[in-house]
$ cat entry05.cif   # mmCIF, C-alpha atoms and all ligand atoms
data_run
loop_
_atom_site.label_atom_id
_atom_site.label_comp_id
_atom_site.auth_asym_id
_atom_site.auth_seq_id
_atom_site.Cartn_x
_atom_site.Cartn_y
_atom_site.Cartn_z
CA MET A 1 110.76 116.13 93.67
CA GLN A 2 110.92 113.04 95.90
CA ASP A 3 107.57 111.45 96.75
CA SER A 4 108.13 112.07 100.46
CA SER A 5 108.93 115.77 100.14
CA LEU A 6 106.02 116.22 97.74
CA GLN A 7 103.78 114.57 100.32
CA GLU A 8 105.16 116.82 103.07
CA MET A 9 104.68 119.98 101.02
CA LEU A 10 101.11 119.00 100.12
CA THR A 11 100.28 118.20 103.73
CA LYS A 12 101.52 121.61 104.92
CA PHE A 13 99.70 123.36 102.12
CA HIS A 14 96.43 121.57 102.90
CA GLN A 15 96.70 122.12 106.62
CA ALA A 16 96.70 125.86 105.97
CA TYR A 17 94.27 125.65 103.07
CA SER A 18 91.65 123.66 105.01
CA GLN A 19 91.36 126.59 107.45
CA ILE A 20 89.80 128.67 104.67
CA THR A 21 86.04 128.39 105.00
CA VAL A 22 83.06 130.45 103.93
CA LYS A 23 79.84 131.43 105.72
CA GLU A 24 76.64 129.51 105.13
CA ASP A 25 74.92 132.51 103.52
CA SER A 26 77.80 133.25 101.15
CA VAL A 27 76.29 130.89 98.58
CA SER A 28 72.70 131.27 97.39
CA PHE A 29 70.66 129.65 94.62
CA SER A 30 67.14 129.76 93.17
CA THR A 31 64.74 127.09 94.44
CA PRO A 32 64.85 124.35 91.81
CA ASP A 33 61.75 123.42 89.85
CA ARG A 34 60.30 120.12 91.06
CA ALA A 35 59.63 118.77 87.56
CA ILE A 36 63.22 119.47 86.47
CA LEU A 37 64.54 117.85 89.63
CA GLU A 38 62.59 114.70 88.82
CA GLN A 39 64.14 114.56 85.36
CA ALA A 40 67.63 115.26 86.67
CA GLN A 41 68.16 111.72 87.86
CA GLY A 42 67.40 110.19 84.45
CA LYS A 43 69.55 112.71 82.62
CA ALA A 44 72.39 112.59 85.17
CA LEU A 45 71.98 116.35 85.46
CA PRO A 46 73.84 117.76 88.48
CA LEU A 47 72.35 120.51 90.64
CA VAL A 48 74.89 123.03 89.41
CA ASN A 49 73.10 122.90 86.03
CA ILE A 50 69.64 123.25 87.56
CA CYS A 51 70.10 125.88 90.26
CA PRO A 52 73.66 127.21 89.94
CA PRO A 53 75.36 128.73 92.97
CA ARG A 54 75.47 132.50 93.29
CA VAL A 55 78.41 134.01 95.10
CA LYS A 56 79.11 137.69 95.79
CA ALA A 57 82.21 138.96 94.05
CA GLU A 58 83.63 140.54 97.20
CA ASN A 59 83.42 137.21 99.06
CA PHE A 60 84.95 135.32 96.16
CA PHE A 61 87.90 137.66 95.75
CA ALA A 62 88.53 137.73 99.51
CA VAL A 63 88.81 133.93 99.49
CA MET A 64 90.96 133.98 96.37
CA GLU A 65 93.38 136.32 98.10
CA GLN A 66 93.64 133.94 101.05
CA VAL A 67 94.20 130.95 98.76
CA ALA A 68 96.85 132.83 96.81
CA GLY A 69 98.57 133.64 100.11
CA VAL A 70 98.68 129.96 101.10
CA ILE A 71 100.00 128.95 97.66
CA LYS A 72 102.75 131.58 97.80
CA LYS A 73 103.74 130.50 101.29
CA PHE A 74 103.84 126.73 100.81
CA MET A 75 104.25 126.23 97.08
CA THR A 76 107.06 128.64 96.49
CA ASP A 77 107.63 127.35 92.94
CA LEU A 78 104.24 128.80 92.05
CA ALA A 79 104.69 132.15 93.82
CA VAL A 80 105.76 134.22 90.81
CA GLU A 81 103.03 132.82 88.59
CA THR A 82 100.43 133.36 91.31
CA GLU A 83 101.45 137.03 91.61
CA LEU A 84 101.15 137.38 87.85
CA ILE A 85 97.65 135.89 87.87
CA GLU A 86 96.51 138.09 90.75
CA SER A 87 97.64 141.21 88.91
CA ALA A 88 95.67 140.16 85.81
CA LEU A 89 92.36 139.68 87.62
CA PRO A 90 89.60 142.28 87.23
CA VAL A 91 89.53 145.15 89.73
CA ASP A 92 86.41 147.01 88.68
CA PRO A 93 83.44 145.84 90.85
CA GLU A 94 81.19 145.27 87.85
CA GLU A 95 83.85 143.27 86.04
CA ARG A 96 84.40 141.24 89.18
CA GLU A 97 80.71 140.36 89.39
CA LYS A 98 80.80 139.18 85.77
CA PHE A 99 83.94 137.17 86.39
CA VAL A 100 82.46 135.37 89.40
CA ALA A 101 79.17 134.68 87.60
CA ARG A 102 81.17 133.00 84.84
CA VAL A 103 83.23 130.98 87.30
CA PHE A 104 80.08 129.31 88.61
CA THR A 105 78.47 128.76 85.21
CA PRO A 106 79.09 125.20 83.99
CA GLY A 107 81.07 124.90 80.79
CA VAL A 108 82.46 128.45 80.65
CA ASP A 109 86.13 128.78 79.69
CA ILE A 110 87.22 131.33 82.25
CA LEU A 111 90.84 131.41 81.16
CA SER A 112 90.07 132.71 77.67
CA TYR A 113 87.65 135.25 79.15
CA LEU A 114 90.59 137.02 80.80
CA LYS A 115 92.21 137.63 77.40
CA THR A 116 95.68 137.58 78.94
CA ASP A 117 98.32 134.90 78.59
CA LEU A 118 98.42 133.30 82.02
CA PRO A 119 100.07 130.06 83.10
CA PRO A 120 97.00 127.80 82.73
CA GLU A 121 97.88 125.14 85.29
CA THR A 122 98.57 127.58 88.10
CA PHE A 123 95.52 129.62 87.17
CA ILE A 124 93.27 126.56 87.31
CA PHE A 125 94.89 125.45 90.57
CA LEU A 126 94.19 128.84 92.18
CA LEU A 127 90.69 129.00 90.75
CA ASN A 128 89.72 125.46 91.80
CA HIS A 129 90.99 126.00 95.32
CA THR A 130 89.00 129.25 95.53
CA ILE A 131 85.84 127.64 94.19
CA LYS A 132 86.10 124.63 96.51
CA PRO A 133 85.04 126.19 99.84
CA PHE A 134 82.02 127.75 98.10
CA MET A 135 81.08 124.46 96.41
CA ARG A 136 81.41 122.60 99.71
CA GLN A 137 78.99 125.11 101.28
CA TYR A 138 76.72 124.98 98.22
CA ALA A 139 76.55 121.17 98.57
CA VAL A 140 75.40 121.59 102.18
CA ASN A 141 72.84 124.24 101.21
CA VAL A 142 71.31 122.13 98.39
CA SER A 143 71.49 118.82 100.25
CA LYS A 144 67.71 118.44 100.52
CA TYR A 145 67.44 118.42 96.72
CA PHE A 146 69.34 115.20 96.06
CA ASP A 147 69.47 111.74 97.57
CA PRO A 148 73.04 110.41 97.78
CA GLU A 149 71.71 106.84 98.12
CA MET A 150 69.73 107.03 94.88
CA TRP A 151 72.00 108.89 92.46
CA LEU A 152 74.14 105.86 91.39
CA LYS A 153 75.99 107.78 88.66
CA GLY A 154 79.68 108.14 87.96
CA ASN A 155 79.54 111.93 88.29
CA CYS A 156 78.85 114.10 91.33
CA PRO A 157 75.15 114.91 91.92
CA VAL A 158 76.06 118.46 92.93
CA CYS A 159 78.83 119.69 90.62
CA GLY A 160 78.88 116.94 87.97
CA GLY A 161 82.60 116.35 88.53
CA LYS A 162 84.34 112.99 88.47
CA PRO A 163 85.01 111.29 91.81
CA ILE A 164 88.49 111.39 93.30
CA LEU A 165 88.12 108.58 95.81
CA SER A 166 85.81 105.75 96.71
CA LEU A 167 84.90 104.05 99.93
CA LEU A 168 83.86 100.45 100.51
CA GLU A 169 81.48 100.34 103.40
CA LYS A 170 82.30 97.77 106.01
CA GLU A 171 78.91 96.43 107.07
CA LYS A 172 76.87 96.13 103.90
CA GLY A 173 79.69 96.25 101.41
CA ARG A 174 78.23 99.24 99.61
CA ARG A 175 80.46 101.48 97.58
CA TYR A 176 80.42 105.26 97.74
CA LEU A 177 82.13 107.76 95.49
CA TYR A 178 83.57 111.00 96.79
CA CYS A 179 83.83 114.35 94.99
CA GLY A 180 87.09 116.14 95.64
CA LEU A 181 85.51 119.52 94.86
CA CYS A 182 82.28 119.70 96.87
CA GLU A 183 83.15 116.82 99.23
CA VAL A 184 79.86 115.03 98.57
CA GLN A 185 79.60 111.25 98.90
CA TRP A 186 77.09 109.24 96.91
CA ARG A 187 76.34 105.61 96.41
CA PHE A 188 77.53 103.77 93.30
CA HIS A 189 77.44 100.21 92.03
CA ARG A 190 79.71 97.87 93.87
CA LEU A 191 81.59 96.80 90.74
CA GLY A 192 82.62 98.60 87.59
CA CYS A 193 84.53 101.71 86.63
CA PRO A 194 82.95 105.05 87.62
CA TYR A 195 84.61 106.79 84.65
CA CYS A 196 83.39 104.65 81.77
CA THR A 197 81.00 101.78 81.03
CA SER A 198 83.37 98.93 81.92
CA TYR A 199 82.04 96.44 84.47
CA GLU A 200 85.41 94.88 85.09
CA SER A 201 87.18 95.48 88.36
CA HIS A 202 90.86 95.01 89.06
CA PHE A 203 92.78 96.47 91.91
CA PHE A 204 96.21 96.52 93.47
CA THR A 205 97.29 97.10 97.03
CA VAL A 206 100.61 98.26 98.44
CA GLU A 207 102.43 96.63 101.33
CA GLY A 208 102.04 98.70 104.48
CA MET A 209 98.99 100.51 103.04
CA GLU A 210 96.49 97.65 103.25
CA LYS A 211 93.69 100.06 104.08
CA TYR A 212 93.65 101.15 100.45
CA ARG A 213 92.92 99.51 97.12
CA VAL A 214 93.61 101.15 93.81
CA TYR A 215 91.01 100.08 91.25
CA TYR A 216 92.11 100.52 87.66
CA CYS A 217 90.34 100.21 84.35
CA ASP A 218 91.92 98.94 81.14
CA GLN A 219 89.12 100.37 79.03
CA CYS A 220 89.53 104.08 79.91
CA ARG A 221 92.90 103.83 81.74
CA GLY A 222 91.31 105.49 84.78
CA TYR A 223 92.06 104.57 88.38
CA ILE A 224 90.39 105.34 91.66
CA LYS A 225 91.88 105.13 95.11
CA THR A 226 89.54 103.27 97.43
CA VAL A 227 89.39 103.13 101.20
CA ASP A 228 88.53 99.64 102.40
CA GLY A 229 86.09 100.26 105.24
CA ALA A 230 86.79 96.82 106.73
CA LYS A 231 90.40 97.84 107.41
CA THR A 232 89.99 101.30 108.91
CA GLY A 233 89.75 100.04 112.48
CA GLY A 234 86.52 101.92 113.13
CA SER A 235 88.17 105.34 113.15
CA GLU A 236 86.22 108.21 111.62
CA LEU A 237 87.29 108.87 108.07
CA LYS A 238 88.08 112.25 106.67
CA LEU A 239 88.13 111.53 102.96
CA PHE A 240 89.73 114.87 102.19
CA TRP A 241 92.81 113.79 104.14
CA GLU A 242 92.62 110.19 102.90
CA ASP A 243 93.16 111.61 99.43
CA ILE A 244 95.97 113.98 100.38
CA ASN A 245 97.78 111.32 102.42
CA THR A 246 97.84 108.78 99.62
CA ILE A 247 99.68 110.71 96.91
CA GLN A 248 102.06 107.76 96.77
CA LEU A 249 99.26 105.63 95.32
CA ASP A 250 98.58 108.23 92.63
CA VAL A 251 102.24 108.24 91.72
CA LEU A 252 102.25 104.42 91.47
CA ALA A 253 99.09 104.29 89.37
CA MET A 254 100.34 106.98 87.01
CA ARG A 255 103.71 105.25 86.65
CA GLU A 256 101.77 102.21 85.44
CA GLY A 257 100.21 104.38 82.75
CA TYR A 258 96.84 105.03 84.38
CA ILE A 259 95.25 108.48 84.29
CA ASN A 260 93.90 110.62 87.07
CA GLN A 261 90.45 111.04 85.54
CA GLN A 262 89.41 113.59 88.09
CA THR A 263 91.89 116.12 86.76
CA CYS A 264 91.60 115.01 83.16
CA PRO A 265 88.76 116.83 81.39
CA GLN A 266 89.12 115.10 77.99
CA GLU A 267 87.23 111.98 77.13
CA PRO A 268 89.60 109.06 76.58
CA GLU A 269 90.25 108.06 72.99
CA LYS A 270 88.26 105.07 71.86
ZN ZN A 301 81.05 117.66 93.32
ZN ZN A 302 86.97 102.92 82.89
#

$ encode --input "entry05.cif" --output "structure tokens" --more "lines below"
Ligand SMILES: [Zn+2]
Ligand SMILES: [Zn+2]
Amino acid sequence: MQDSSLQEMLTKFHQAYSQITVKEDSVSFSTPDRAILEQAQGKALPLVNICPPRVKAENFFAVMEQVAGVIKKFMTDLAVETELIESALPVDPEEREKFVARVFTPGVDILSYLKTDLPPETFIFLLNHTIKPFMRQYAVNVSKYFDPEMWLKGNCPVCGGKPILSLLEKEKGRRYLYCGLCEVQWRFHRLGCPYCTSYESHFFTVEGMEKYRVYYCDQCRGYIKTVDGAKTGGSELKLFWEDINTIQLDVLAMREGYINQQTCPQEPEK
């Protein structure tokens, strides 16, 4: 697929997808223990491990149906596989509760739980896009339990995921990382790779897209698209769209042999 038609398809998909939201009370959690919260910072333990989100099965499956509908409409190549996945999902209410509890438990392999051969990439795509609105709401609901200015880790304080984008603040030159799943922003060191221990920083820019820098790391081969706050002209940033609208930069970075760490669960080989 051409870069431009890929970009167009993704934009249409996300315009429809971003309309899918959940209610504030659709995600609950147990009040976290203060002592554990205090240790969380030192251990880089995200909130999802301390007070995991609880979501009702009926709400989850209703959102999944909407997401599947948007995929089938705008990503027609995935329509058949999406149908197949939908037909393999549990129907029994008790089974559904178990399924959803597993989805929100860190480290559980949900694909093997289904015991059916399903196309893994499409399954994960559908699942991640169903989880996302709940995680975004969860992040709002737990916001008083973490300080985005103090976290300073390479993983998200809420879900533990790797950042998808970073932002260089204009005034004080601070750097923030952004989680593509729960849409949380947190402060990170100005220099260095968020995916490994390297303190080196190299970046490239693309003519006509001076608002962005792509930082890359030769130690872990990771890259992170970065919005240069000094070049945004003061307009309000929607990082969700900044990511979607810069697929071209991902394509360029990957052509150079760099890896999208956010979608790559394996640790790089040493
Ligand atoms: Zn997150
Ligand atoms: Zn690195």

$ residues_near_ligand --input "entry05.cif" --ligand "ligand ZN 302 (chain A)" --cutoff "7 Å" --atoms "all atoms listed in the file" --output "PyMOL selection string"
chain A and resi 193-198+217-222

$ atom_distance --input "entry05.cif" --atom1 "atom CA of Arg174 of chain A" --atom2 "atom CA of Arg187 of chain A"
7.4 Å

$ residues_around --input "entry05.cif" --residues "segment 81-91 of chain A" --least-positions-apart "6" --cutoff "12 Å" --atoms "all atoms listed in the file" --output "ChimeraX atom specification"
/A:57-58,61-62,64-73,75,97-100,110-111,113-127

$ residues_around --input "entry05.cif" --residues "Gly42 of chain A" --least-positions-apart "5" --cutoff "10 Å" --atoms "only C-alpha atoms" --output "mmCIF file with C-alpha atoms, keeping the file's coordinate frame"
data_model
loop_
_atom_site.group_PDB
_atom_site.id
_atom_site.type_symbol
_atom_site.label_atom_id
_atom_site.label_comp_id
_atom_site.auth_asym_id
_atom_site.auth_seq_id
_atom_site.Cartn_x
_atom_site.Cartn_y
_atom_site.Cartn_z
ATOM 1 C CA LEU A 37 64.540 117.850 89.630
ATOM 2 C CA TRP A 151 72.000 108.890 92.460
ATOM 3 C CA LYS A 153 75.990 107.780 88.660
#

$ residues_near_ligand --input "entry05.cif" --ligand "ligand ZN 301 (chain A)" --cutoff "9 Å" --atoms "all atoms listed in the file" --output "PyMOL selection string"
chain A and resi 46+135-136+139+155-163+178-185

$ write_last_selection --input "entry05.cif" --atoms "C-alpha atoms" --output "PDB file, in the frame of the given file"
ATOM      1  CA  PRO A  46      73.840 117.760  88.480  1.00  0.00           C
ATOM      2  CA  MET A 135      81.080 124.460  96.410  1.00  0.00           C
ATOM      3  CA  ARG A 136      81.410 122.600  99.710  1.00  0.00           C
ATOM      4  CA  ALA A 139      76.550 121.170  98.570  1.00  0.00           C
ATOM      5  CA  ASN A 155      79.540 111.930  88.290  1.00  0.00           C
ATOM      6  CA  CYS A 156      78.850 114.100  91.330  1.00  0.00           C
ATOM      7  CA  PRO A 157      75.150 114.910  91.920  1.00  0.00           C
ATOM      8  CA  VAL A 158      76.060 118.460  92.930  1.00  0.00           C
ATOM      9  CA  CYS A 159      78.830 119.690  90.620  1.00  0.00           C
ATOM     10  CA  GLY A 160      78.880 116.940  87.970  1.00  0.00           C
ATOM     11  CA  GLY A 161      82.600 116.350  88.530  1.00  0.00           C
ATOM     12  CA  LYS A 162      84.340 112.990  88.470  1.00  0.00           C
ATOM     13  CA  PRO A 163      85.010 111.290  91.810  1.00  0.00           C
ATOM     14  CA  TYR A 178      83.570 111.000  96.790  1.00  0.00           C
ATOM     15  CA  CYS A 179      83.830 114.350  94.990  1.00  0.00           C
ATOM     16  CA  GLY A 180      87.090 116.140  95.640  1.00  0.00           C
ATOM     17  CA  LEU A 181      85.510 119.520  94.860  1.00  0.00           C
ATOM     18  CA  CYS A 182      82.280 119.700  96.870  1.00  0.00           C
ATOM     19  CA  GLU A 183      83.150 116.820  99.230  1.00  0.00           C
ATOM     20  CA  VAL A 184      79.860 115.030  98.570  1.00  0.00           C
ATOM     21  CA  GLN A 185      79.600 111.250  98.900  1.00  0.00           C
TER      22      GLN A 185
END

$ decode --input "entry05.cif" --residues "segment 121-206 of chain A" --atoms "C-alpha atoms" --output "PDB file, in the first residue's frame"
ATOM      1  CA  GLU A 121      -2.242  -9.773  14.737  1.00  0.00           C
ATOM      2  CA  THR A 122      -5.870  -8.969  14.004  1.00  0.00           C
ATOM      3  CA  PHE A 123      -6.930 -10.375  17.350  1.00  0.00           C
ATOM      4  CA  ILE A 124      -4.438  -8.172  19.204  1.00  0.00           C
ATOM      5  CA  PHE A 125      -5.439  -5.174  17.097  1.00  0.00           C
ATOM      6  CA  LEU A 126      -9.119  -5.653  17.983  1.00  0.00           C
ATOM      7  CA  LEU A 127      -8.335  -6.337  21.622  1.00  0.00           C
ATOM      8  CA  ASN A 128      -6.010  -3.335  22.047  1.00  0.00           C
ATOM      9  CA  HIS A 129      -8.502  -0.987  20.443  1.00  0.00           C
ATOM     10  CA  THR A 130     -11.229  -2.316  22.750  1.00  0.00           C
ATOM     11  CA  ILE A 131      -9.057  -1.990  25.840  1.00  0.00           C
ATOM     12  CA  LYS A 132      -7.922   1.542  24.967  1.00  0.00           C
ATOM     13  CA  PRO A 133     -11.088   3.539  25.799  1.00  0.00           C
ATOM     14  CA  PHE A 134     -11.285   1.745  29.164  1.00  0.00           C
ATOM     15  CA  MET A 135      -7.599   2.370  29.906  1.00  0.00           C
ATOM     16  CA  ARG A 136      -7.969   6.040  28.985  1.00  0.00           C
ATOM     17  CA  GLN A 137     -10.853   6.297  31.472  1.00  0.00           C
ATOM     18  CA  TYR A 138      -8.937   4.257  34.057  1.00  0.00           C
ATOM     19  CA  ALA A 139      -6.014   6.710  33.749  1.00  0.00           C
ATOM     20  CA  VAL A 140      -8.392   9.583  34.501  1.00  0.00           C
ATOM     21  CA  ASN A 141      -9.943   7.730  37.450  1.00  0.00           C
ATOM     22  CA  VAL A 142      -6.559   6.871  39.047  1.00  0.00           C
ATOM     23  CA  SER A 143      -4.915  10.213  38.268  1.00  0.00           C
ATOM     24  CA  LYS A 144      -4.654  11.253  41.918  1.00  0.00           C
ATOM     25  CA  TYR A 145      -2.449   8.227  42.638  1.00  0.00           C
ATOM     26  CA  PHE A 146       0.511   9.192  40.467  1.00  0.00           C
ATOM     27  CA  ASP A 147       2.481  12.333  39.760  1.00  0.00           C
ATOM     28  CA  PRO A 148       3.356  12.671  36.063  1.00  0.00           C
ATOM     29  CA  GLU A 149       6.119  15.166  36.922  1.00  0.00           C
ATOM     30  CA  MET A 150       7.869  12.753  39.284  1.00  0.00           C
ATOM     31  CA  TRP A 151       7.673   9.382  37.545  1.00  0.00           C
ATOM     32  CA  LEU A 152      10.708   9.857  35.210  1.00  0.00           C
ATOM     33  CA  LYS A 153      10.649   6.270  33.934  1.00  0.00           C
ATOM     34  CA  GLY A 154      10.656   4.895  30.415  1.00  0.00           C
ATOM     35  CA  ASN A 155       7.366   3.066  30.947  1.00  0.00           C
ATOM     36  CA  CYS A 156       3.867   4.423  31.515  1.00  0.00           C
ATOM     37  CA  PRO A 157       2.966   5.051  35.197  1.00  0.00           C
ATOM     38  CA  VAL A 158      -0.552   3.730  34.579  1.00  0.00           C
ATOM     39  CA  CYS A 159      -0.312   0.707  32.267  1.00  0.00           C
ATOM     40  CA  GLY A 160       3.453   0.099  32.212  1.00  0.00           C
ATOM     41  CA  GLY A 161       3.521   0.284  28.408  1.00  0.00           C
ATOM     42  CA  LYS A 162       6.262   1.829  26.316  1.00  0.00           C
ATOM     43  CA  PRO A 163       5.727   5.387  25.063  1.00  0.00           C
ATOM     44  CA  ILE A 164       4.697   5.972  21.467  1.00  0.00           C
ATOM     45  CA  LEU A 165       5.581   9.650  21.215  1.00  0.00           C
ATOM     46  CA  SER A 166       7.442  12.344  23.065  1.00  0.00           C
ATOM     47  CA  LEU A 167       7.013  16.060  23.387  1.00  0.00           C
ATOM     48  CA  LEU A 168       9.664  18.719  23.924  1.00  0.00           C
ATOM     49  CA  GLU A 169       8.166  21.512  25.921  1.00  0.00           C
ATOM     50  CA  LYS A 170       8.755  24.940  24.505  1.00  0.00           C
ATOM     51  CA  GLU A 171       9.338  27.106  27.576  1.00  0.00           C
ATOM     52  CA  LYS A 172      11.451  25.032  29.927  1.00  0.00           C
ATOM     53  CA  GLY A 173      12.703  22.485  27.446  1.00  0.00           C
ATOM     54  CA  ARG A 174      11.327  19.582  29.450  1.00  0.00           C
ATOM     55  CA  ARG A 175      10.591  16.315  27.739  1.00  0.00           C
ATOM     56  CA  TYR A 176       7.401  14.335  28.203  1.00  0.00           C
ATOM     57  CA  LEU A 177       6.592  10.823  27.064  1.00  0.00           C
ATOM     58  CA  TYR A 178       3.149   9.828  25.868  1.00  0.00           C
ATOM     59  CA  CYS A 179       1.433   6.446  26.205  1.00  0.00           C
ATOM     60  CA  GLY A 180      -0.498   5.439  23.121  1.00  0.00           C
ATOM     61  CA  LEU A 181      -2.776   3.169  25.151  1.00  0.00           C
ATOM     62  CA  CYS A 182      -3.994   5.217  28.125  1.00  0.00           C
ATOM     63  CA  GLU A 183      -2.998   8.612  26.660  1.00  0.00           C
ATOM     64  CA  VAL A 184      -1.066   9.616  29.772  1.00  0.00           C
ATOM     65  CA  GLN A 185       1.849  12.052  29.562  1.00  0.00           C
ATOM     66  CA  TRP A 186       4.700  11.964  32.037  1.00  0.00           C
ATOM     67  CA  ARG A 187       7.982  13.717  32.417  1.00  0.00           C
ATOM     68  CA  PHE A 188      11.233  12.036  31.406  1.00  0.00           C
ATOM     69  CA  HIS A 189      14.892  13.017  31.236  1.00  0.00           C
ATOM     70  CA  ARG A 190      15.691  15.451  28.505  1.00  0.00           C
ATOM     71  CA  LEU A 191      18.310  13.210  26.897  1.00  0.00           C
ATOM     72  CA  GLY A 192      18.605   9.470  26.459  1.00  0.00           C
ATOM     73  CA  CYS A 193      16.556   6.647  25.053  1.00  0.00           C
ATOM     74  CA  PRO A 194      13.292   5.824  26.874  1.00  0.00           C
ATOM     75  CA  TYR A 195      13.519   2.167  25.784  1.00  0.00           C
ATOM     76  CA  CYS A 196      16.959   1.233  27.087  1.00  0.00           C
ATOM     77  CA  THR A 197      19.801   2.628  29.201  1.00  0.00           C
ATOM     78  CA  SER A 198      21.561   4.573  26.435  1.00  0.00           C
ATOM     79  CA  TYR A 199      22.182   8.247  27.159  1.00  0.00           C
ATOM     80  CA  GLU A 200      23.011   9.075  23.582  1.00  0.00           C
ATOM     81  CA  SER A 201      20.601  11.109  21.515  1.00  0.00           C
ATOM     82  CA  HIS A 202      20.489  11.343  17.747  1.00  0.00           C
ATOM     83  CA  PHE A 203      17.603  12.523  15.688  1.00  0.00           C
ATOM     84  CA  PHE A 204      16.583  13.203  12.121  1.00  0.00           C
ATOM     85  CA  THR A 205      14.039  15.596  10.701  1.00  0.00           C
ATOM     86  CA  VAL A 206      12.189  15.543   7.394  1.00  0.00           C
TER      87      VAL A 206
END
